[in-house]
Amino acid sequence: MKKIKLLFAALVLLFFAQAQKNNGRLSGGFETYSQFYHKDSKINAVVPPDRIGSNNYLKLDYSYKQFTAGVQFEAYLPAVQGYPFVLNSGKLVNKYFKYQANNFSLQVGDFYEQFGSGLVFRSWENRQIGINNALEGANIHVSPLPFLSIKAVYGRQRKIFEYSNSNVRGLDAEIDFSKTSKTTPATRVAAGFSYISRYQQYTGPVIDFPATVNASSTRLDISGSTTSLSLEYVHKKRDPHDANNYDNTSGKAFLTNFSFAKNNFGAITTFRTLENLDFRSEREATQSIGQVNYIPALTRQHDYLTTNIYVYNAQRLNETGGQLDLFYNAPKGSGLGGKFGSKFSLNFSTYRNHKNMDDLFSFGDEEYFHDLNLEWRKKWSEKFSTILLYQNLFYNRLVIEGEPLPDVKTNTVVLDALWKYAKKKAFRFELQHLATRQDRGNWAALLTEFSFAPKWIFYLSDLYNYDLTGTHYAVIGGSYSKGGTRFGLSYGRQRAGLFCVGGVCRFVPAATGITATLTTTFNE
Amino acid sequence: MMAIVLQIKANKNIKYQTLFSVIHPTFMAINNLMKRVLIAIICLYYSGFSFAQTGLPAVKIKTLTGQEVLFNTIGSKPDTAVIVSLWATWCVPCIQELEAISGQYDDRQKETPFKLVAISIDDARTSQRVKPFVKGKGWPFEIYLDVNSDLKRALNINDVPHVLIVKNGKIVYQHNGYVAGNEEELFEKLKTL
């Protein structure tokens with residue numbers, strides 16, 4: 001025994017001496033998003049009792065050789081208006097320890113993971129939307145053979161500052177057929193299988209109630225240099241819970257993508273059909289809490305004021321539809337491209353219900369949403385470039401918002417122009433108009449922005465509902481950034497509406513006030 | 001210093017060895033085994049882990065065909081600077097920045113050779129669009145995917161766009177956000193490296 005202790009002591013000494021000589025790596029990030037509200041009866045602004053909302057995050061990671069450990073501290077003092085939860089406290093919420101070798105890794109503590117496209121399982125974080133469904137438990141990755149990789153997860157899901165009272169466990173295996181032979185073929189073919197299971201104790205009176213819910217996914221990816229095809233089929237056992245209105249049937253989904261990309265042209269089509277696929281770590285969970293899988297809206301994610309008024313939210317219980325994208329680069333010197341080149345893109349997405357609830361491939365008559373948009377980017381000279389965007393949209397309010405109000409049809413035009421008048425100085429402006437006969441009628445928007453690279457940017461924007469309410473949503477602001485740090489300050493009105501990132505939306509109430517943000521990264 | 005400590009330990013070991021081996025021969029075998037294990041552990045400790053050589057995190061990202069690659073092995077060519085840009089298809093300033101760099105790519109290569117690695121943080125919602133999107137832009141960059149933000153998290157990056165300049169396995173410059181003209185600072189920085 002003494003001998004073993006001696007050997008151990010020698011090893012520990014060796015480790016620390018080495019650690020001192022060859023320092024580990026500390027990396028971290030801090031983020032604060034704070035708002036100071038005031039009364040504004042014109043927009044029915046929500047003012048919390050102490051007029052402040054402040055979300056703060058500090059993350060630290062330390063790595064040494066193949067070991068990494070980290071923590072995340074979050075403080076909501078209190079949470080900003082419209083955040084999915086009300087909290088006025090802080091907590092060290094995530095902690096982990098990870099060991100990583102060449103073909104093996106083990107993480108203990110809070111971790112994020114995704115199987116395939118996430119249709120059966122994804123744990124992730126999005127601070128803007130208030131999502132953090134990390135699992136607390138263990139996550140193992142192992143590649144026993146060059147062409148085989150296996151992931152295993154076990155844990156309980158984070159629920160705001162607590163944990164769900166259930167266990168989630170899963171297994172994912174992927175075979176890369178292109179690695180089964182010694183020569184590497186040009187086309188990669190991979191097949192994957194995922195299994196995920198959730199157990200939540202049931203003490204109610206129903207006999208044969210599924211306390212354990214299993215879901216599986218089978219996928220195939222064929223990826224060549226120009227064309228790619230992916231297919232995925234998901235099946236989930238019956239799972240009556242709040243979010244699916246205690247539907248006792250099983251859930252299904254089918255997802256496929258086909259893409260083509262060559263030279264200056266790219267195209268992709270997506271088709272996805274879903275039925276009763278809401279999957280939660282707790283039966284009682286609703287809204288954005290406790291999601292086990294990830295069902296994003298497969299539509300174009302827009303970034304302009306007027307194109308973000310009517311945004312789609314995927315319908316997890318009954319939806320079928322798809323998306324088409326075309327991208328074309330007219331090179332410099334070509335007829336269409338002119339001296340500086342020109343870029344075109346077209347995007348179309350449409351979603352509707354199933355005619356027959358049991359048939360994934362039946363198309364119903366009720367359209368939920370469509371978005372047809374065309375974009376043209378053109379560089380006119382070294383100094384001047386423009387983006388022109390047109391959008392035609394259909395938005396079913398009853399389905400998307402649950403409000404028994406008429407459907408909305410819009411036509412929107414956006415012009416975004418950039419004039420780089422000196423090497424590091426630029427002026428940018430946006431002119432936007434959204435036309436509709438429904439809801440609040442027409443909107444116009446204007447944005448002007450002055451930037452002084454690499455540090456300063458100042459902007460003034462106004463989103464104006466001139467048709468029905470005569471309301472201006474004006475914002476003035478600026479930001480300063482240096483290295484990995486950025487500080488922003490703005491004052492103005494925030495429109496009430498759905499705020500969506502990825503597949504998750506939160507409803508943001510109208511607010512007026514000052515917003516201050518500070519983000520910093522240190523990893524050098 | 002370490003070597004001396006180790007030698008003292010080793011000397012003690014030898015004393016124990018001789019003592020025990022006389023009394024009980026089976027101890028000799030155990031001793032040998034222990035020694036071998038110790039040597040093996042030390043060898044393993046010093047040799048193996050190639051990814052521990054740089055200060056960059058060994059996080060898996062994917063190529064556009066789905067092949068996994070470790071982040072710290074990209075751009076491993078010594079003395080060539082690599083611009084790493086974290087971006088997304090839905091991020092307008094990210095596209096502006098990459099377009100601005102793409103427009104000057106050939107001219108700037110003549111001044112200072114560099115490589116640009118654009119890592120998309122598009123998640124399952126939009127990650128399938130990345131490949132045709134990039135082809136339709138005609139960008140001359142190396143493109144990778146970070147679909148569940150593993151790399152973004154490991155680098156503690158809060159928002160995109162975020163650019164890093166990596167040289168000889170070290171982050172020598174970084175900038176968060178894009179302002180028209182930021183690319184000028186990037187190129188100026190490249191010249192000084």
# chains A, B, ... in the order shown; residues from 1 in each chain; ligands from 1
>>> closest_atom_pairs(of="chain A", to="chain B", cutoff="6 Å", atoms="only C-alpha atoms", output="CSV")
residue,atom,partner,partner_atom,distance
A:Gly28,CA,B:Asn156,CA,5.5
A:Gly29,CA,B:Asn156,CA,5.1
A:Lys65,CA,B:Ala52,CA,5.1
A:Ser117,CA,B:Ala124,CA,5.5
A:Ser223,CA,B:Thr65,CA,5.4
A:Ala261,CA,B:Pro132,CA,5.1
A:Asn264,CA,B:Gly136,CA,4.9
A:Phe265,CA,B:Gly136,CA,4.6
A:Gly266,CA,B:Pro132,CA,3.9
A:Ala267,CA,B:Pro132,CA,5.4
A:Pro296,CA,B:Arg125,CA,5.4
A:Leu298,CA,B:Arg125,CA,5.8
A:Gln301,CA,B:Trp90,CA,5.6
A:Phe327,CA,B:Gly136,CA,4.5
A:Tyr328,CA,B:Gly136,CA,4.4
A:Asn329,CA,B:Gly136,CA,5.0
A:Lys424,CA,B:Gly181,CA,4.3
A:Ala453,CA,B:Gly181,CA,5.3
A:Pro454,CA,B:Asn182,CA,5.0
A:Gly483,CA,B:His175,CA,4.4
A:Gly484,CA,B:His175,CA,5.2
A:Thr521,CA,B:Asn156,CA,5.9
A:Glu524,CA,B:Ile171,CA,5.3
>>> write_last_selection(atoms="N, CA and C atoms", output="PDB file, in the first residue's frame")
ATOM      1  N   GLY A  28     -13.419  33.122 -20.350  1.00  0.00           N
ATOM      2  CA  GLY A  28     -14.676  33.498 -19.719  1.00  0.00           C
ATOM      3  C   GLY A  28     -15.455  34.518 -20.514  1.00  0.00           C
ATOM      4  N   GLY A  29     -16.659  34.736 -20.073  1.00  0.00           N
ATOM      5  CA  GLY A  29     -17.498  35.721 -20.733  1.00  0.00           C
ATOM      6  C   GLY A  29     -18.488  36.307 -19.751  1.00  0.00           C
ATOM      7  N   LYS A  65      -4.711  20.647 -20.288  1.00  0.00           N
ATOM      8  CA  LYS A  65      -4.578  19.417 -21.071  1.00  0.00           C
ATOM      9  C   LYS A  65      -5.954  18.936 -21.463  1.00  0.00           C
ATOM     10  N   SER A 117     -30.757  16.309 -36.090  1.00  0.00           N
ATOM     11  CA  SER A 117     -31.199  17.687 -36.291  1.00  0.00           C
ATOM     12  C   SER A 117     -31.882  18.243 -35.043  1.00  0.00           C
ATOM     13  N   SER A 223     -23.959  13.167 -48.693  1.00  0.00           N
ATOM     14  CA  SER A 223     -23.446  14.493 -48.969  1.00  0.00           C
ATOM     15  C   SER A 223     -22.302  14.437 -49.953  1.00  0.00           C
ATOM     16  N   ALA A 261     -25.391  22.661 -55.020  1.00  0.00           N
ATOM     17  CA  ALA A 261     -24.555  23.855 -54.961  1.00  0.00           C
ATOM     18  C   ALA A 261     -23.391  23.706 -55.916  1.00  0.00           C
ATOM     19  N   ASN A 264     -21.446  29.353 -58.785  1.00  0.00           N
ATOM     20  CA  ASN A 264     -22.040  30.520 -58.144  1.00  0.00           C
ATOM     21  C   ASN A 264     -23.523  30.343 -57.860  1.00  0.00           C
ATOM     22  N   PHE A 265     -23.945  29.078 -57.844  1.00  0.00           N
ATOM     23  CA  PHE A 265     -25.362  28.829 -57.666  1.00  0.00           C
ATOM     24  C   PHE A 265     -25.609  27.836 -56.533  1.00  0.00           C
ATOM     25  N   GLY A 266     -26.628  28.100 -55.751  1.00  0.00           N
ATOM     26  CA  GLY A 266     -26.997  27.185 -54.678  1.00  0.00           C
ATOM     27  C   GLY A 266     -28.501  27.080 -54.568  1.00  0.00           C
ATOM     28  N   ALA A 267     -29.000  25.870 -54.281  1.00  0.00           N
ATOM     29  CA  ALA A 267     -30.440  25.687 -54.115  1.00  0.00           C
ATOM     30  C   ALA A 267     -30.686  24.652 -53.043  1.00  0.00           C
ATOM     31  N   PRO A 296     -37.823  23.956 -34.814  1.00  0.00           N
ATOM     32  CA  PRO A 296     -37.788  25.347 -35.239  1.00  0.00           C
ATOM     33  C   PRO A 296     -38.760  25.605 -36.379  1.00  0.00           C
ATOM     34  N   LEU A 298     -39.214  26.395 -39.907  1.00  0.00           N
ATOM     35  CA  LEU A 298     -38.299  26.335 -41.049  1.00  0.00           C
ATOM     36  C   LEU A 298     -38.704  27.398 -42.065  1.00  0.00           C
ATOM     37  N   GLN A 301     -35.127  33.487 -41.458  1.00  0.00           N
ATOM     38  CA  GLN A 301     -35.045  34.295 -40.247  1.00  0.00           C
ATOM     39  C   GLN A 301     -34.672  35.717 -40.650  1.00  0.00           C
ATOM     40  N   PHE A 327     -29.959  30.691 -54.443  1.00  0.00           N
ATOM     41  CA  PHE A 327     -28.947  31.734 -54.260  1.00  0.00           C
ATOM     42  C   PHE A 327     -28.120  31.816 -55.539  1.00  0.00           C
ATOM     43  N   TYR A 328     -27.883  33.004 -56.017  1.00  0.00           N
ATOM     44  CA  TYR A 328     -27.069  33.135 -57.211  1.00  0.00           C
ATOM     45  C   TYR A 328     -26.125  34.324 -57.088  1.00  0.00           C
ATOM     46  N   ASN A 329     -24.875  34.080 -57.427  1.00  0.00           N
ATOM     47  CA  ASN A 329     -23.864  35.129 -57.417  1.00  0.00           C
ATOM     48  C   ASN A 329     -23.495  35.465 -58.859  1.00  0.00           C
ATOM     49  N   LYS A 424     -12.694  54.168 -43.022  1.00  0.00           N
ATOM     50  CA  LYS A 424     -13.277  53.585 -41.812  1.00  0.00           C
ATOM     51  C   LYS A 424     -14.534  54.310 -41.367  1.00  0.00           C
ATOM     52  N   ALA A 453     -15.368  52.989 -37.757  1.00  0.00           N
ATOM     53  CA  ALA A 453     -14.697  51.725 -37.460  1.00  0.00           C
ATOM     54  C   ALA A 453     -13.400  51.984 -36.731  1.00  0.00           C
ATOM     55  N   PRO A 454     -12.962  51.102 -35.862  1.00  0.00           N
ATOM     56  CA  PRO A 454     -13.651  49.865 -35.496  1.00  0.00           C
ATOM     57  C   PRO A 454     -14.484  49.979 -34.216  1.00  0.00           C
ATOM     58  N   GLY A 483     -11.891  45.088 -28.939  1.00  0.00           N
ATOM     59  CA  GLY A 483     -11.529  43.697 -28.677  1.00  0.00           C
ATOM     60  C   GLY A 483     -12.774  42.872 -28.475  1.00  0.00           C
ATOM     61  N   GLY A 484     -12.788  42.077 -27.430  1.00  0.00           N
ATOM     62  CA  GLY A 484     -13.934  41.216 -27.180  1.00  0.00           C
ATOM     63  C   GLY A 484     -15.003  41.874 -26.328  1.00  0.00           C
ATOM     64  N   THR A 521     -15.666  39.177 -23.601  1.00  0.00           N
ATOM     65  CA  THR A 521     -15.129  37.841 -23.790  1.00  0.00           C
ATOM     66  C   THR A 521     -13.648  37.890 -23.485  1.00  0.00           C
ATOM     67  N   GLU A 524      -7.885  34.905 -24.623  1.00  0.00           N
ATOM     68  CA  GLU A 524      -6.589  34.945 -25.294  1.00  0.00           C
ATOM     69  C   GLU A 524      -5.504  34.260 -24.494  1.00  0.00           C
TER      70      GLU A 524
END
>>> residues_around(residues="region 488-500 of chain A", least_positions_apart="5", cutoff="6 Å", atoms="only C-alpha atoms", output="list of chain:residue names")
A:Tyr473, A:Ala474, A:Val475, A:Ile476, A:Gly477, A:Gly478, A:Ser479, A:Cys505, A:Arg506, A:Phe507, A:Val508, A:Pro509, A:Ala510, A:Ala511, A:Thr512, A:Gly513, A:Ile514, A:Thr515, A:Ala516, A:Thr517
>>> residues_around(residues="region 236-247 of chain A", least_positions_apart="4", cutoff="8 Å", atoms="only C-alpha atoms", output="list in words")
Pro210, Val213, Asn214, Ala215, Ser216, Gly251, Lys252, Asn276, Leu277, Asp278, Arg283, Glu284, Ala285, Thr286, Gln287 and Leu317 of chain A
>>> write_last_selection(atoms="C-alpha atoms", output="PDB file, in the first residue's frame")
ATOM      1  CA  PRO A 210     -47.233   6.162 -19.754  1.00  0.00           C
ATOM      2  CA  VAL A 213     -42.152   8.028 -22.925  1.00  0.00           C
ATOM      3  CA  ASN A 214     -39.801   6.760 -25.608  1.00  0.00           C
ATOM      4  CA  ALA A 215     -38.953   8.419 -28.888  1.00  0.00           C
ATOM      5  CA  SER A 216     -36.661   7.341 -31.692  1.00  0.00           C
ATOM      6  CA  GLY A 251     -46.261  11.354 -32.470  1.00  0.00           C
ATOM      7  CA  LYS A 252     -44.488  11.266 -35.841  1.00  0.00           C
ATOM      8  CA  ASN A 276     -48.228  15.473 -32.121  1.00  0.00           C
ATOM      9  CA  LEU A 277     -44.506  15.936 -31.563  1.00  0.00           C
ATOM     10  CA  ASP A 278     -44.483  18.172 -28.496  1.00  0.00           C
ATOM     11  CA  ARG A 283     -46.199  16.688 -18.288  1.00  0.00           C
ATOM     12  CA  GLU A 284     -47.206  19.986 -16.680  1.00  0.00           C
ATOM     13  CA  ALA A 285     -44.740  22.131 -18.656  1.00  0.00           C
ATOM     14  CA  THR A 286     -46.098  24.680 -21.126  1.00  0.00           C
ATOM     15  CA  GLN A 287     -44.768  27.456 -23.373  1.00  0.00           C
ATOM     16  CA  LEU A 317     -49.017  19.256 -33.021  1.00  0.00           C
TER      17      LEU A 317
END
>>> closest_residue(among="A:Leu92, A:Leu148, A:Leu106, A:Ala101", to="Ser178 (chain A)", atoms="only C-alpha atoms")
A:Leu148
>>> select_by_dssp(residues="region 225-427 of chain A", states="alpha helix (DSSP H)", output="PyMOL selection string")
chain A and resi 397-401
>>> closest_residue(among="A:Asn411, A:Thr270, A:Asn293, A:Gln35", to="Val234 (chain A)", atoms="only C-alpha atoms")
A:Asn293
>>> residues_around(residues="Thr469 (chain A)", least_positions_apart="3", cutoff="10 Å", atoms="only C-alpha atoms", output="VMD selection string")
chain A and resid 42 to 43 440 to 442 464 to 466 472
>>> residues_around(residues="Lys339 (chain A)", least_positions_apart="2", cutoff="12 Å", atoms="only C-alpha atoms", output="ChimeraX atom specification")
/A:330-337,341-342,378-382 /B:103
>>> write_last_selection(atoms="C-alpha atoms", output="JSON list (two decimals), in the first residue's frame")
[["chain", "number", "residue", "atom", "x", "y", "z"],
["A", 330, "ALA", "CA", -23.45, 37.11, -60.66],
["A", 331, "PRO", "CA", -19.66, 37.46, -60.66],
["A", 332, "LYS", "CA", -17.69, 40.63, -61.17],
["A", 333, "GLY", "CA", -17.44, 41.51, -64.84],
["A", 334, "SER", "CA", -20.42, 39.41, -65.96],
["A", 335, "GLY", "CA", -23.40, 41.01, -67.72],
["A", 336, "LEU", "CA", -25.66, 40.72, -64.70],
["A", 337, "GLY", "CA", -22.93, 41.32, -62.16],
["A", 341, "GLY", "CA", -20.78, 41.82, -58.84],
["A", 342, "SER", "CA", -24.34, 41.27, -57.77],
["A", 378, "LYS", "CA", -25.57, 45.08, -55.51],
["A", 379, "LYS", "CA", -22.26, 46.79, -55.14],
["A", 380, "TRP", "CA", -22.30, 49.91, -57.33],
["A", 381, "SER", "CA", -18.84, 51.22, -56.60],
["A", 382, "GLU", "CA", -16.04, 50.80, -54.09],
["B", 103, "GLY", "CA", -14.43, 41.69, -52.18]]
>>> closest_residue(among="A:Phe487, A:Tyr195, A:Phe36, A:Phe147", to="Phe115 (chain A)", atoms="only C-alpha atoms")
A:Tyr195
>>> select_by_dssp(residues="region 37-247 of chain A", states="strand (DSSP E or B)", output="mmCIF file with C-alpha atoms, in the first residue's frame")
data_model
loop_
_atom_site.group_PDB
_atom_site.id
_atom_site.type_symbol
_atom_site.label_atom_id
_atom_site.label_comp_id
_atom_site.auth_asym_id
_atom_site.auth_seq_id
_atom_site.Cartn_x
_atom_site.Cartn_y
_atom_site.Cartn_z
ATOM 1 C CA TYR A 37 -38.500 51.600 -17.745
ATOM 2 C CA ILE A 52 -35.705 47.980 -13.584
ATOM 3 C CA GLY A 53 -35.013 44.720 -15.352
ATOM 4 C CA SER A 54 -31.536 43.267 -15.482
ATOM 5 C CA ASN A 55 -30.287 39.924 -16.802
ATOM 6 C CA ASN A 56 -26.673 39.035 -16.027
ATOM 7 C CA TYR A 57 -24.514 36.068 -16.954
ATOM 8 C CA LEU A 58 -20.973 35.166 -15.995
ATOM 9 C CA LYS A 59 -19.315 32.080 -17.417
ATOM 10 C CA LEU A 60 -15.844 30.783 -16.607
ATOM 11 C CA ASP A 61 -13.986 27.801 -18.022
ATOM 12 C CA TYR A 62 -10.614 26.457 -17.090
ATOM 13 C CA SER A 63 -8.881 23.895 -19.215
ATOM 14 C CA TYR A 64 -5.707 22.045 -18.617
ATOM 15 C CA PHE A 67 -9.483 18.401 -18.632
ATOM 16 C CA THR A 68 -11.970 21.267 -18.647
ATOM 17 C CA ALA A 69 -14.125 22.563 -15.842
ATOM 18 C CA GLY A 70 -16.521 25.456 -15.823
ATOM 19 C CA VAL A 71 -19.319 27.308 -14.084
ATOM 20 C CA GLN A 72 -22.072 29.711 -15.060
ATOM 21 C CA PHE A 73 -23.556 32.251 -12.697
ATOM 22 C CA GLU A 74 -26.823 33.955 -13.600
ATOM 23 C CA ALA A 75 -28.520 36.864 -11.859
ATOM 24 C CA TYR A 76 -31.924 38.301 -12.703
ATOM 25 C CA SER A 89 -32.208 36.451 -7.532
ATOM 26 C CA GLY A 90 -28.957 34.945 -8.657
ATOM 27 C CA LYS A 91 -27.534 31.446 -8.635
ATOM 28 C CA LEU A 92 -24.548 29.427 -9.691
ATOM 29 C CA VAL A 93 -26.617 27.349 -12.077
ATOM 30 C CA ASN A 94 -24.323 25.400 -14.365
ATOM 31 C CA LYS A 95 -21.230 23.484 -13.313
ATOM 32 C CA TYR A 96 -19.347 20.877 -15.267
ATOM 33 C CA PHE A 97 -16.207 18.834 -15.494
ATOM 34 C CA LYS A 98 -15.045 17.326 -18.753
ATOM 35 C CA TYR A 99 -12.367 14.888 -19.806
ATOM 36 C CA GLN A 100 -11.563 14.582 -23.468
ATOM 37 C CA PHE A 104 -13.521 9.344 -25.866
ATOM 38 C CA SER A 105 -14.997 12.145 -23.820
ATOM 39 C CA LEU A 106 -16.887 12.275 -20.571
ATOM 40 C CA GLN A 107 -18.715 15.282 -19.192
ATOM 41 C CA VAL A 108 -20.243 15.309 -15.749
ATOM 42 C CA GLY A 109 -22.472 18.142 -14.581
ATOM 43 C CA ASP A 110 -24.562 20.435 -16.762
ATOM 44 C CA PHE A 111 -24.144 19.856 -20.472
ATOM 45 C CA GLU A 113 -26.138 18.061 -26.534
ATOM 46 C CA GLN A 114 -28.018 17.454 -29.747
ATOM 47 C CA PHE A 115 -28.950 14.259 -31.585
ATOM 48 C CA PHE A 121 -33.417 15.723 -28.527
ATOM 49 C CA ARG A 122 -31.621 19.008 -28.101
ATOM 50 C CA SER A 123 -30.431 20.725 -24.957
ATOM 51 C CA GLU A 125 -29.082 27.796 -24.358
ATOM 52 C CA ASN A 126 -30.470 31.016 -25.752
ATOM 53 C CA ILE A 131 -34.019 29.090 -22.876
ATOM 54 C CA ASN A 132 -31.605 26.917 -20.981
ATOM 55 C CA LEU A 135 -29.147 18.360 -18.691
ATOM 56 C CA GLU A 136 -27.503 17.788 -15.337
ATOM 57 C CA GLY A 137 -25.940 14.366 -15.368
ATOM 58 C CA ALA A 138 -23.431 12.623 -17.583
ATOM 59 C CA ASN A 139 -22.636 12.809 -21.276
ATOM 60 C CA ILE A 140 -20.327 10.294 -22.928
ATOM 61 C CA HIS A 141 -18.957 10.340 -26.474
ATOM 62 C CA VAL A 142 -17.057 7.337 -27.736
ATOM 63 C CA SER A 143 -15.763 6.231 -31.134
ATOM 64 C CA PRO A 144 -14.889 2.549 -30.738
ATOM 65 C CA LEU A 145 -14.306 2.217 -34.483
ATOM 66 C CA LEU A 148 -18.775 4.630 -35.580
ATOM 67 C CA SER A 149 -19.536 7.324 -33.045
ATOM 68 C CA ILE A 150 -21.786 6.883 -30.066
ATOM 69 C CA LYS A 151 -23.218 9.440 -27.678
ATOM 70 C CA ALA A 152 -24.979 8.651 -24.427
ATOM 71 C CA VAL A 153 -26.788 11.093 -22.146
ATOM 72 C CA TYR A 154 -28.388 10.719 -18.758
ATOM 73 C CA GLY A 155 -29.695 13.446 -16.494
ATOM 74 C CA ARG A 156 -32.424 15.747 -15.346
ATOM 75 C CA GLN A 157 -33.310 18.846 -17.275
ATOM 76 C CA ARG A 158 -32.748 22.341 -15.967
ATOM 77 C CA LYS A 159 -35.967 24.251 -15.295
ATOM 78 C CA GLU A 162 -34.378 24.297 -10.511
ATOM 79 C CA TYR A 163 -34.558 20.915 -12.212
ATOM 80 C CA ASN A 167 -35.059 11.696 -15.894
ATOM 81 C CA VAL A 168 -34.030 11.958 -19.510
ATOM 82 C CA ARG A 169 -31.741 9.325 -21.003
ATOM 83 C CA GLY A 170 -30.711 8.742 -24.547
ATOM 84 C CA LEU A 171 -28.372 7.097 -26.988
ATOM 85 C CA ASP A 172 -27.255 8.176 -30.434
ATOM 86 C CA ALA A 173 -25.173 6.176 -32.871
ATOM 87 C CA GLU A 174 -23.859 7.296 -36.228
ATOM 88 C CA ILE A 175 -22.120 5.233 -38.864
ATOM 89 C CA ASP A 176 -20.055 7.047 -41.452
ATOM 90 C CA ARG A 188 -20.093 10.966 -47.571
ATOM 91 C CA VAL A 189 -22.876 8.611 -46.567
ATOM 92 C CA ALA A 190 -23.856 8.461 -42.914
ATOM 93 C CA ALA A 191 -26.726 6.816 -41.103
ATOM 94 C CA GLY A 192 -27.796 7.584 -37.588
ATOM 95 C CA PHE A 193 -30.148 6.254 -34.994
ATOM 96 C CA SER A 194 -31.285 8.081 -31.849
ATOM 97 C CA TYR A 195 -33.280 6.890 -28.917
ATOM 98 C CA ILE A 196 -34.497 9.088 -26.109
ATOM 99 C CA SER A 197 -36.577 8.231 -23.095
ATOM 100 C CA ARG A 198 -38.138 10.302 -20.347
ATOM 101 C CA TYR A 199 -39.408 8.968 -17.045
ATOM 102 C CA THR A 212 -42.039 6.558 -19.442
ATOM 103 C CA VAL A 213 -42.152 8.028 -22.925
ATOM 104 C CA ASN A 214 -39.801 6.760 -25.608
ATOM 105 C CA ALA A 215 -38.953 8.419 -28.888
ATOM 106 C CA SER A 216 -36.661 7.341 -31.692
ATOM 107 C CA SER A 217 -35.254 8.816 -34.849
ATOM 108 C CA THR A 218 -33.620 7.253 -37.893
ATOM 109 C CA ARG A 219 -31.674 9.390 -40.291
ATOM 110 C CA LEU A 220 -29.619 9.156 -43.456
ATOM 111 C CA ASP A 221 -27.300 11.798 -44.855
ATOM 112 C CA ILE A 222 -25.753 11.618 -48.306
ATOM 113 C CA SER A 223 -23.446 14.493 -48.969
ATOM 114 C CA THR A 227 -25.614 17.570 -54.179
ATOM 115 C CA SER A 228 -26.789 16.480 -50.747
ATOM 116 C CA LEU A 229 -29.788 14.598 -49.487
ATOM 117 C CA SER A 230 -30.884 14.042 -45.920
ATOM 118 C CA LEU A 231 -33.839 12.091 -44.564
ATOM 119 C CA GLU A 232 -35.090 11.701 -41.013
ATOM 120 C CA TYR A 233 -38.052 9.878 -39.539
ATOM 121 C CA VAL A 234 -39.147 10.313 -35.928
ATOM 122 C CA HIS A 235 -41.554 8.270 -33.902
ATOM 123 C CA LYS A 236 -42.666 9.092 -30.365
#
>>> residues_around(residues="Ile74 (chain B)", least_positions_apart="5", cutoff="12 Å", atoms="only C-alpha atoms", output="number ranges by chain")
B: 51, 54, 56-63, 68-69, 80-84, 115-119, 142-144, 166-169
>>> write_last_selection(atoms="C-alpha atoms", output="CSV table (one decimal), in the first residue's frame")
chain,number,residue,atom,x,y,z
B,51,PHE,CA,-4.5,18.8,-29.1
B,54,THR,CA,-2.2,25.1,-28.6
B,56,LEU,CA,-7.3,26.8,-28.6
B,57,PRO,CA,-10.1,24.6,-27.4
B,58,ALA,CA,-10.4,21.1,-28.9
B,59,VAL,CA,-14.0,21.4,-29.9
B,60,LYS,CA,-15.6,19.4,-32.7
B,61,ILE,CA,-17.0,21.4,-35.6
B,62,LYS,CA,-18.3,20.0,-38.9
B,63,THR,CA,-17.4,20.5,-42.6
B,68,GLU,CA,-16.0,16.3,-37.8
B,69,VAL,CA,-12.9,18.4,-37.4
B,80,THR,CA,0.2,31.9,-41.5
B,81,ALA,CA,-2.5,34.0,-39.9
B,82,VAL,CA,-6.0,32.6,-39.9
B,83,ILE,CA,-9.0,34.9,-39.6
B,84,VAL,CA,-11.7,33.0,-37.8
B,115,LYS,CA,-6.6,32.1,-44.6
B,116,LEU,CA,-10.2,32.8,-43.7
B,117,VAL,CA,-12.3,30.3,-41.8
B,118,ALA,CA,-15.9,31.1,-41.5
B,119,ILE,CA,-17.7,29.1,-38.9
B,142,GLU,CA,-13.3,27.6,-45.7
B,143,ILE,CA,-16.7,27.0,-44.1
B,144,TYR,CA,-17.5,25.0,-41.0
B,166,VAL,CA,-5.2,33.1,-34.8
B,167,LYS,CA,-1.5,32.6,-35.4
B,168,ASN,CA,0.6,29.7,-34.4
B,169,GLY,CA,-2.2,28.4,-32.2
>>> closest_residue(among="B:Gln104, B:Asn72, B:Thr192, B:Ser85", to="Ser120 (chain B)", atoms="only C-alpha atoms")
B:Ser85
>>> atom_distance(atom1="CA of Asn103 (chain A)", atom2="CA of Gly75 (chain B)")
21.7 Å
